[in-house]
Amino acid sequence: MTAVVTATGLSKRYKSSQALDGASFQIGSGRIVGLIGPNGAGKTTALKAILGLTTFEGQLNVLGLDPRKDRDKLMEQVCFIADVAVLPRWIRVKDAVDFVANTHPRFDRSKCDAFLARTKLQPQQKVKQLSKGMIVQLHLALVMSIDARLLVLDEPTLGLDILYRKQFYQSLLEDYFDEEKTILVTTHQVEEIEHILTDLMFIRDGKIVLDTDMDSLGERFAEVLVGAEFAHAARELKPLDERQVFGKSIFLFDNVSRPELERLGEVRRPSIGDLFVATMKGTYA
Amino acid sequence: MKTFYWLVKREFWEHKGGFFWAPVVTGIVFLVLNGMGIVLGEVFGRRFGGLQFGGGNVHLQSDMSLADLRNAGAGIDIMLYAVAAIILGVTAIVVFFYCLGALYDDRRDRSILFWKSLPLSDSSTVLSKLASAALLAPAISIVVGVIVGLVLAMFLAVVALVHGINLWTLLMAAHPFRVVGTLVLLIPLYAIWALPTLGWLLLCSAWAKSKPFLWAIALPVGSGVIVSWFGLMGVLNLSSDWYWKNVVSRLLGSLIPGSWVGNASPLVISDHSDPSAMLNSLDLAYHYSALASPSLWIGAIAGIAMIAGAIWFRRWRDES
C-alpha cells in the first residue's frame with residue numbers, strides 16, 4: 001500500500017482552542033476513508049492542513065509534497081469540495097466549465113459535458129439561480145472530470161435532500177472511484193457512507209482515537225443482544241456501551257473473543273453510528 | 001500566461017457591470033444631456049440671432065478660415081479628452097471599490113474555497129486582480145470614452161452641417177486616433193502612479209476580517225488626524241500638510257485620473273487662446289515628466305510592498 005497522506009504529530013492551536021493535538025495517521029492509495037468526529041473535534045482543520053490552507057506543527061506529506069510549500073503543485077493532484085455553498089454565485093455554468101478547462105491541466109472537458117448532460121443544468125444559468133442540489137451536481141461534474149489522485153470532501157452533502165445525497169455518493173462510486181484514486185470524506189450523516197467506506201477514522205479533541213479498516217472493524221467490535229439473565233455476566237466483560245431495548249440490553253464490546261460473546265446472546269456487527277456514539281460519550285459534557 | 005489570461009477574464013465576468021456597463025451607461029447619460037443641450041442651444045440660437053457655442057474657443061460659423069478649422073479640430077480633440085476623463089473618473093470610483101472587494105468578497109461568501117481548490121497560485125490571483133484594476137478597466141473606459149466623444153462630435157458636425165459647414169472637413173480636422181493613442185500610452189503612467197492606492201486597497205481587502213472599506217479609509221485618515229493634532233511631523237521639520245499630501249492622499253486618491261500632474265514639470269502654455277498649442281503642450285512628454293518625481297517612485301515601491309503583503313495574506317489568512 002502506497003501512502004497518499006502521511007501525518008505525524010499534527011498540531012494546530014487557535015487562540016482559544018487546540019484544534020489538532022498531535023494527530024498521526026496514514027491514508028493509503030485506493031481507499032475511501034471516513035474521518036468522523038463531533039463538532040469542533042478538528043476534522044476541518046485536519047483537512048485544511050492536508051490542502052495547505054492553514055499552518056500547523058508536525059510532519060505532513062501529501063503525495064510526496066509538503067502542502068505548506070508546494071500547494072500550487074499539489075492542487076493539480078488534489079481536488080476538494082468544501083460544502084455545497086462555495087461555488088461563486090455570479091458564475092455561469094458554461095463559464096465555470098470554461099475556466100476550469102483552461103486552468104486545470106488534468107481536466108477532461110468531454111467527461112464534464114457528459115456528466116452535465118445527465119442533469120437539468122443549462123449552460124447559461126448562473127449559480128445563484130440553481131438549487132443547492134443542482135450546485136452540487138455542477139461542482140461534482142467539475143471535480144469528477146479532473147484526474148486527481150486525492151479527493152477531499154468536507155460535509156459535501158450538507159443540506160441536500162435524500163435524492164441528491166444518494167445520487168452524490170452513487171456517482172462518486174460508479175463514475176469516479178478506482179484503485180488509483182483516494183477519497184477522504186468527513187460527514188455527520190454516517191449511516192449514508194457506511195457501506196462505501198473502506199477505512200474509518202474517529203477524531204476527538206484533535207486526536208485520532210480510532211483508525212481501522214472496515215474488515216477489521218467487524219472483527220474487533222461486536223454488538224450483543226443480551227437477555228436480563230446474562231446482563232450481569234456481560235457487564236463483567238467491560239463493554240464500551242450499554243443501552244436498553246424492549247427489556248433487553250445491547251452491549252458493545254471491543255476486542256472480546258467471539259465464542260465468549262455468543263454464549264451471552266445474539267452477536268451483530270455494530271453500526272458506525274452506534275460505535276461513534278459509544279466512543280464519543282461525554283464529548284459535550 | 002494562458003492561466004493569467006483566464007484569471008483576468010474571470011475578473012471581467014464577475015465585474016462586467018463595473019468595468020463595462022458603468023462607463024457605457026455614463027457615456028449614454030452624457031450623450032443624452034449634451035444632446036438636450038445642443039437642442040436647447042439651437043432653439044435659443046434661433047430666437048436670439050447669433051449662434052455661438054462649442055468647446056473652448058470654437059465658434060461654428062459658415063465662414064471658417066483654415067486656422068479656425070484647425071482650432072475646431074483641436075477643440076474636438078480636447079472634447080474627446082474631456083469625455084474620456086469623465087468616464088475614467090467613473091471607472092476610478094468603480095476600481096476603488098473593486099479593489100476593496102477583490103480579495104474580500106470571496107472570503108465572505110466562502111467561494112475562495114472553490115478558487116483555492118484549483119491549481120492557481122496566490123500571486124497570479126492577486127496580480128490578475130491588479131492587472132484588471134490598473135490596465136483592463138482604464139483601457140475599456142478609454143475606448144468607451146473616445147467612442148462617446150466621437151458620437152458627440154458627430155452631433156456637433158450634424159449641427160454644423162445645418163449651418164452650412166461640411167461635416168467631413170470638421171471631423172477630419174480632429175485626431176481621434178491620436179487621442180486614443182495618447183490615452184493608451186498614459187495607462188502605464190496611470191498604473192505606476194496609482195500603485196500605492198491599488199496596493200493599499202488590495203492589502204486591506206486581503207487582510208480585513210470584516211468591513212475592508214472602513215479600515216481602508218479609517219487608518220490613513222485617522223493617522224493623518226493624529227499627525228495634525230500632535231504636530232508629529234514637526235519632529236522631521238515637516239508640516240502635517242506634507243503628511244496629508246504625500247501619505248494620506250497617495251494611499252487613497254492616486255486613482256484620480258491625472259492626479260500626477262502636480263508632480264510633473266511646470267506646464268508651459270505658449271498661447272492660452274490657441275487650443276491646438278495648449279493641446280501640444282499637454283503631450284506625453286509633459287505627463288511622463290512626472291517620472292522624475294520621487295513621490296511617484298516611492299509610492300510605487302510602497303505599492304509593490306503592499307501588494308506583496310496582500311499576496312501573503314491571501315495565502316495564509318485562515319478564516320476559522
# chains A, B, ... in the order shown; residues from 1 in each chain; ligands from 1
call {"tool": "closest_atom_pairs", "arguments": {"of": "chain B", "to": "chain A", "cutoff": "7 Å", "atoms": "only C-alpha atoms", "output": "JSON lines"}}
result
{"residue": "B:Thr3", "atom": "CA", "partner": "A:Thr103", "partner_atom": "CA", "distance": 5.3}
{"residue": "B:Trp6", "atom": "CA", "partner": "A:Phe99", "partner_atom": "CA", "distance": 6.6}
{"residue": "B:Glu14", "atom": "CA", "partner": "A:Trp90", "partner_atom": "CA", "distance": 6.4}
{"residue": "B:Arg110", "atom": "CA", "partner": "A:Val86", "partner_atom": "CA", "distance": 5.4}
{"residue": "B:Ser111", "atom": "CA", "partner": "A:Val86", "partner_atom": "CA", "distance": 4.2}
{"residue": "B:Leu113", "atom": "CA", "partner": "A:Val86", "partner_atom": "CA", "distance": 6.3}
{"residue": "B:Phe114", "atom": "CA", "partner": "A:Val86", "partner_atom": "CA", "distance": 5.9}
{"residue": "B:Ser117", "atom": "CA", "partner": "A:Phe80", "partner_atom": "CA", "distance": 5.9}
{"residue": "B:Leu118", "atom": "CA", "partner": "A:Met75", "partner_atom": "CA", "distance": 6.0}
{"residue": "B:Pro119", "atom": "CA", "partner": "A:Met75", "partner_atom": "CA", "distance": 4.7}
{"residue": "B:Leu120", "atom": "CA", "partner": "A:Asp72", "partner_atom": "CA", "distance": 6.1}
{"residue": "B:Ser121", "atom": "CA", "partner": "A:Asp72", "partner_atom": "CA", "distance": 5.5}
{"residue": "B:Trp316", "atom": "CA", "partner": "A:Thr54", "partner_atom": "CA", "distance": 6.4}
{"residue": "B:Asp318", "atom": "CA", "partner": "A:Thr54", "partner_atom": "CA", "distance": 6.1}
call {"tool": "write_last_selection", "arguments": {"atoms": "N, CA and C atoms", "output": "PDB file, in the first residue's frame"}}
result
ATOM      1  N   THR B   3      -3.133  30.811 -18.147  1.00  0.00           N
ATOM      2  CA  THR B   3      -3.858  30.861 -16.877  1.00  0.00           C
ATOM      3  C   THR B   3      -4.132  32.301 -16.486  1.00  0.00           C
ATOM      4  N   TRP B   6      -6.978  33.758 -18.323  1.00  0.00           N
ATOM      5  CA  TRP B   6      -8.288  33.305 -17.845  1.00  0.00           C
ATOM      6  C   TRP B   6      -8.625  33.899 -16.489  1.00  0.00           C
ATOM      7  N   GLU B  14     -16.966  38.568 -13.619  1.00  0.00           N
ATOM      8  CA  GLU B  14     -17.589  38.904 -12.340  1.00  0.00           C
ATOM      9  C   GLU B  14     -17.952  40.380 -12.278  1.00  0.00           C
ATOM     10  N   ARG B 110     -17.304  32.527   0.937  1.00  0.00           N
ATOM     11  CA  ARG B 110     -16.596  31.268   1.017  1.00  0.00           C
ATOM     12  C   ARG B 110     -16.274  30.663  -0.354  1.00  0.00           C
ATOM     13  N   SER B 111     -16.522  31.388  -1.448  1.00  0.00           N
ATOM     14  CA  SER B 111     -16.179  30.827  -2.750  1.00  0.00           C
ATOM     15  C   SER B 111     -14.660  30.771  -2.934  1.00  0.00           C
ATOM     16  N   LEU B 113     -12.891  29.018  -1.307  1.00  0.00           N
ATOM     17  CA  LEU B 113     -12.556  27.598  -1.184  1.00  0.00           C
ATOM     18  C   LEU B 113     -12.630  26.901  -2.547  1.00  0.00           C
ATOM     19  N   PHE B 114     -13.505  27.396  -3.408  1.00  0.00           N
ATOM     20  CA  PHE B 114     -13.535  26.831  -4.755  1.00  0.00           C
ATOM     21  C   PHE B 114     -12.300  27.257  -5.541  1.00  0.00           C
ATOM     22  N   SER B 117      -9.322  25.469  -4.605  1.00  0.00           N
ATOM     23  CA  SER B 117      -9.255  24.043  -4.935  1.00  0.00           C
ATOM     24  C   SER B 117      -8.664  23.838  -6.327  1.00  0.00           C
ATOM     25  N   LEU B 118      -8.377  24.935  -7.026  1.00  0.00           N
ATOM     26  CA  LEU B 118      -7.772  24.824  -8.359  1.00  0.00           C
ATOM     27  C   LEU B 118      -6.277  25.132  -8.262  1.00  0.00           C
ATOM     28  N   PRO B 119      -5.490  24.579  -9.169  1.00  0.00           N
ATOM     29  CA  PRO B 119      -4.043  24.829  -9.098  1.00  0.00           C
ATOM     30  C   PRO B 119      -3.671  26.225  -9.568  1.00  0.00           C
ATOM     31  N   LEU B 120      -4.104  27.239  -8.830  1.00  0.00           N
ATOM     32  CA  LEU B 120      -3.793  28.628  -9.161  1.00  0.00           C
ATOM     33  C   LEU B 120      -2.946  29.180  -8.032  1.00  0.00           C
ATOM     34  N   SER B 121      -1.852  29.842  -8.366  1.00  0.00           N
ATOM     35  CA  SER B 121      -1.029  30.372  -7.290  1.00  0.00           C
ATOM     36  C   SER B 121      -1.655  31.667  -6.785  1.00  0.00           C
ATOM     37  N   TRP B 316      -2.174  32.907   3.433  1.00  0.00           N
ATOM     38  CA  TRP B 316      -2.197  32.352   4.789  1.00  0.00           C
ATOM     39  C   TRP B 316      -3.362  32.756   5.654  1.00  0.00           C
ATOM     40  N   ASP B 318      -6.416  32.559   7.568  1.00  0.00           N
ATOM     41  CA  ASP B 318      -7.183  31.365   7.920  1.00  0.00           C
ATOM     42  C   ASP B 318      -8.455  31.821   8.611  1.00  0.00           C
TER      43      ASP B 318
END
call {"tool": "closest_residue", "arguments": {"among": "B:Ala174, B:Asn237, B:Trp200, B:Leu152", "to": "Gly75 of chain B", "atoms": "only C-alpha atoms"}}
result
B:Ala174
call {"tool": "atom_distance", "arguments": {"atom1": "atom CA of Gly30 of chain A", "atom2": "atom CA of Glu180 of chain A"}}
result
5.4 Å
call {"tool": "closest_residue", "arguments": {"among": "B:Val143, B:Ala191, B:Leu252, B:Ala310", "to": "Trp297 of chain B", "atoms": "only C-alpha atoms"}}
result
B:Ala191
call {"tool": "residues_around", "arguments": {"residues": "segment 84-87 of chain B", "least_positions_apart": "4", "cutoff": "10 Å", "atoms": "only C-alpha atoms", "output": "list in words"}}
result
Ala22, Pro23, Val24, Val25, Thr26, Gly27, Phe30, Ile78, Met79, Leu80, Thr91, Ala92, Pro138, Ile140, Ser141, Ile142, Val143, Val144, Gly145, Val146, Ile147, Val148, Gly149, Val179, Val180, Leu183, Ile256, Pro257 and Gly258 of chain B
call {"tool": "select_by_dssp", "arguments": {"residues": "segment 37-276 of chain A", "states": "strand (DSSP E)", "output": "number ranges by chain"}}
result
A: 57-62, 78-81, 150-154, 182-186, 199-204, 207-213, 221-226, 241-245, 248-254, 265-268
call {"tool": "select_by_dssp", "arguments": {"residues": "segment 98-196 of chain A", "states": "helix (DSSP H, G or I)", "output": "short mmCIF file (atom, residue, chain, number, x, y, z; two decimals) with N, CA and C atoms, in the first residue's frame"}}
result
data_model
loop_
_atom_site.label_atom_id
_atom_site.label_comp_id
_atom_site.auth_asym_id
_atom_site.auth_seq_id
_atom_site.Cartn_x
_atom_site.Cartn_y
_atom_site.Cartn_z
N ASP A 98 -15.59 26.40 -18.66
CA ASP A 98 -14.51 27.01 -19.45
C ASP A 98 -13.30 27.34 -18.58
N PHE A 99 -13.58 27.93 -17.43
CA PHE A 99 -12.49 28.38 -16.57
C PHE A 99 -11.66 27.20 -16.08
N VAL A 100 -12.34 26.18 -15.57
CA VAL A 100 -11.59 25.03 -15.06
C VAL A 100 -10.86 24.33 -16.21
N ALA A 101 -11.53 24.23 -17.36
CA ALA A 101 -10.91 23.56 -18.50
C ALA A 101 -9.61 24.25 -18.92
N ASN A 102 -9.58 25.56 -18.76
CA ASN A 102 -8.40 26.30 -19.22
C ASN A 102 -7.35 26.55 -18.15
N THR A 103 -7.68 26.25 -16.91
CA THR A 103 -6.68 26.49 -15.86
C THR A 103 -6.22 25.20 -15.19
N ARG A 109 -12.65 17.81 -20.55
CA ARG A 109 -13.87 18.54 -20.84
C ARG A 109 -15.00 17.63 -21.33
N SER A 110 -14.67 16.64 -22.13
CA SER A 110 -15.74 15.80 -22.68
C SER A 110 -16.43 15.02 -21.56
N LYS A 111 -15.64 14.61 -20.57
CA LYS A 111 -16.23 13.94 -19.41
C LYS A 111 -17.23 14.85 -18.72
N CYS A 112 -16.78 16.10 -18.52
CA CYS A 112 -17.62 17.05 -17.81
C CYS A 112 -18.92 17.29 -18.57
N ASP A 113 -18.81 17.47 -19.89
CA ASP A 113 -20.03 17.67 -20.69
C ASP A 113 -20.97 16.49 -20.56
N ALA A 114 -20.38 15.27 -20.52
CA ALA A 114 -21.22 14.08 -20.39
C ALA A 114 -21.94 14.06 -19.03
N PHE A 115 -21.21 14.42 -17.98
CA PHE A 115 -21.86 14.47 -16.65
C PHE A 115 -22.98 15.50 -16.63
N LEU A 116 -22.69 16.66 -17.22
CA LEU A 116 -23.68 17.74 -17.17
C LEU A 116 -24.91 17.39 -18.00
N ALA A 117 -24.70 16.60 -19.07
CA ALA A 117 -25.82 16.23 -19.93
C ALA A 117 -26.84 15.38 -19.16
N VAL A 127 -24.99 30.40 -11.10
CA VAL A 127 -25.05 29.56 -9.90
C VAL A 127 -26.13 30.05 -8.95
N LYS A 128 -26.34 31.38 -8.89
CA LYS A 128 -27.34 31.87 -7.92
C LYS A 128 -28.75 31.48 -8.31
N GLN A 129 -28.95 31.05 -9.56
CA GLN A 129 -30.28 30.62 -9.97
C GLN A 129 -30.50 29.13 -9.68
N LYS A 132 -29.58 24.20 -4.27
CA LYS A 132 -28.42 23.60 -3.63
C LYS A 132 -28.02 22.28 -4.29
N GLY A 133 -29.01 21.47 -4.59
CA GLY A 133 -28.75 20.17 -5.20
C GLY A 133 -28.11 20.30 -6.57
N MET A 134 -28.58 21.30 -7.33
CA MET A 134 -28.01 21.49 -8.67
C MET A 134 -26.60 22.05 -8.58
N ILE A 135 -26.34 22.91 -7.57
CA ILE A 135 -24.98 23.44 -7.41
C ILE A 135 -24.02 22.30 -7.15
N VAL A 136 -24.45 21.35 -6.31
CA VAL A 136 -23.54 20.26 -6.00
C VAL A 136 -23.36 19.35 -7.21
N GLN A 137 -24.39 19.24 -8.05
CA GLN A 137 -24.24 18.47 -9.29
C GLN A 137 -23.17 19.11 -10.18
N LEU A 138 -23.22 20.43 -10.27
CA LEU A 138 -22.22 21.14 -11.08
C LEU A 138 -20.82 20.95 -10.50
N HIS A 139 -20.73 21.15 -9.20
CA HIS A 139 -19.42 21.02 -8.55
C HIS A 139 -18.87 19.60 -8.73
N LEU A 140 -19.74 18.63 -8.57
CA LEU A 140 -19.32 17.24 -8.71
C LEU A 140 -18.89 16.94 -10.15
N ALA A 141 -19.63 17.48 -11.12
CA ALA A 141 -19.27 17.27 -12.52
C ALA A 141 -17.88 17.84 -12.80
N LEU A 142 -17.62 19.03 -12.25
CA LEU A 142 -16.30 19.65 -12.45
C LEU A 142 -15.21 18.78 -11.83
N VAL A 143 -15.45 18.36 -10.58
CA VAL A 143 -14.41 17.65 -9.85
C VAL A 143 -14.18 16.24 -10.41
N MET A 144 -15.26 15.59 -10.83
CA MET A 144 -15.10 14.22 -11.33
C MET A 144 -14.42 14.19 -12.70
N ILE A 162 -32.60 13.79 0.24
CA ILE A 162 -32.05 12.43 0.21
C ILE A 162 -31.76 11.96 -1.22
N LEU A 163 -32.54 12.45 -2.21
CA LEU A 163 -32.30 12.03 -3.59
C LEU A 163 -30.92 12.49 -4.05
N TYR A 164 -30.63 13.77 -3.80
CA TYR A 164 -29.32 14.29 -4.19
C TYR A 164 -28.20 13.62 -3.41
N ARG A 165 -28.45 13.33 -2.12
CA ARG A 165 -27.39 12.72 -1.31
C ARG A 165 -27.03 11.34 -1.84
N LYS A 166 -28.06 10.55 -2.14
CA LYS A 166 -27.82 9.20 -2.65
C LYS A 166 -27.09 9.27 -3.99
N GLN A 167 -27.59 10.18 -4.84
CA GLN A 167 -27.02 10.31 -6.19
C GLN A 167 -25.56 10.75 -6.10
N PHE A 168 -25.25 11.61 -5.14
CA PHE A 168 -23.90 12.12 -4.97
C PHE A 168 -22.92 10.97 -4.77
N TYR A 169 -23.19 10.14 -3.77
CA TYR A 169 -22.24 9.06 -3.47
C TYR A 169 -22.26 7.98 -4.54
N GLN A 170 -23.44 7.78 -5.14
CA GLN A 170 -23.52 6.78 -6.20
C GLN A 170 -22.66 7.18 -7.40
N SER A 171 -22.74 8.45 -7.81
CA SER A 171 -21.90 8.88 -8.94
C SER A 171 -20.44 8.74 -8.60
N LEU A 172 -20.08 9.13 -7.38
CA LEU A 172 -18.67 9.02 -6.99
C LEU A 172 -18.18 7.59 -7.15
N LEU A 173 -18.99 6.64 -6.69
CA LEU A 173 -18.57 5.24 -6.74
C LEU A 173 -18.55 4.72 -8.16
N GLU A 174 -19.60 5.03 -8.93
CA GLU A 174 -19.74 4.41 -10.25
C GLU A 174 -18.86 5.08 -11.30
N ASP A 175 -18.77 6.40 -11.24
CA ASP A 175 -18.13 7.11 -12.35
C ASP A 175 -16.76 7.66 -12.02
N TYR A 176 -16.37 7.59 -10.77
CA TYR A 176 -15.12 8.28 -10.43
C TYR A 176 -14.11 7.36 -9.79
N VAL A 190 -23.37 9.64 8.98
CA VAL A 190 -22.51 8.47 8.92
C VAL A 190 -23.17 7.30 8.22
N GLU A 191 -24.45 7.11 8.53
CA GLU A 191 -25.12 5.90 8.02
C GLU A 191 -25.15 5.88 6.50
N GLU A 192 -25.07 7.08 5.86
CA GLU A 192 -25.15 7.11 4.41
C GLU A 192 -23.85 6.70 3.73
N ILE A 193 -22.73 6.85 4.43
CA ILE A 193 -21.47 6.48 3.78
C ILE A 193 -20.92 5.17 4.32
#
call {"tool": "residues_around", "arguments": {"residues": "Ala23 of chain A", "least_positions_apart": "2", "cutoff": "7 Å", "atoms": "only C-alpha atoms", "output": "PyMOL selection string"}}
result
chain A and resi 8-11+20-21+25+206-208
call {"tool": "residues_around", "arguments": {"residues": "segment 239-247 of chain B", "least_positions_apart": "2", "cutoff": "9 Å", "atoms": "only C-alpha atoms", "output": "JSON, numbers by chain"}}
result
{"B": [220, 221, 224, 225, 227, 228, 229, 231, 232, 233, 234, 236, 237, 249, 250, 251, 252, 295, 299]}
call {"tool": "closest_residue", "arguments": {"among": "A:Gly37, A:Leu150, A:Ile27, A:Phe221", "to": "Ser257 of chain A", "atoms": "only C-alpha atoms"}}
result
A:Phe221
call {"tool": "residues_around", "arguments": {"residues": "Arg269 of chain A", "least_positions_apart": "4", "cutoff": "10 Å", "atoms": "only C-alpha atoms", "output": "tab-separated table (two decimals) with C-alpha atoms, in the first residue's frame"}}
result
chain	number	residue	atom	x	y	z
A	217	LEU	CA	-13.76	-3.24	12.43
A	218	GLY	CA	-16.19	-6.14	12.16
A	219	GLU	CA	-13.74	-8.46	13.85
A	220	ARG	CA	-12.81	-6.09	16.60
A	221	PHE	CA	-16.14	-4.64	17.63
A	222	ALA	CA	-19.28	-6.62	18.33
A	223	GLU	CA	-22.74	-5.77	19.49
A	224	VAL	CA	-24.58	-8.35	21.58
A	252	LEU	CA	-20.97	-3.02	22.62
A	275	LEU	CA	-19.84	2.87	17.63
call {"tool": "atom_distance", "arguments": {"atom1": "atom CA of Arg107 of chain B", "atom2": "atom CA of Ala308 of chain B"}}
result
18.5 Å
call {"tool": "residues_around", "arguments": {"residues": "segment 124-135 of chain B", "least_positions_apart": "5", "cutoff": "9 Å", "atoms": "only C-alpha atoms", "output": "ChimeraX atom specification"}}
result
/B:3-5,7-9,11-12,19,92,95-96,98-99,102-103,140,187-188,190-192,194-195,198-199,202,307,310-311,314
call {"tool": "closest_residue", "arguments": {"among": "B:Pro176, B:Pro196, B:Gly45, B:Gly73", "to": "Gly303 of chain B", "atoms": "only C-alpha atoms"}}
result
B:Pro196
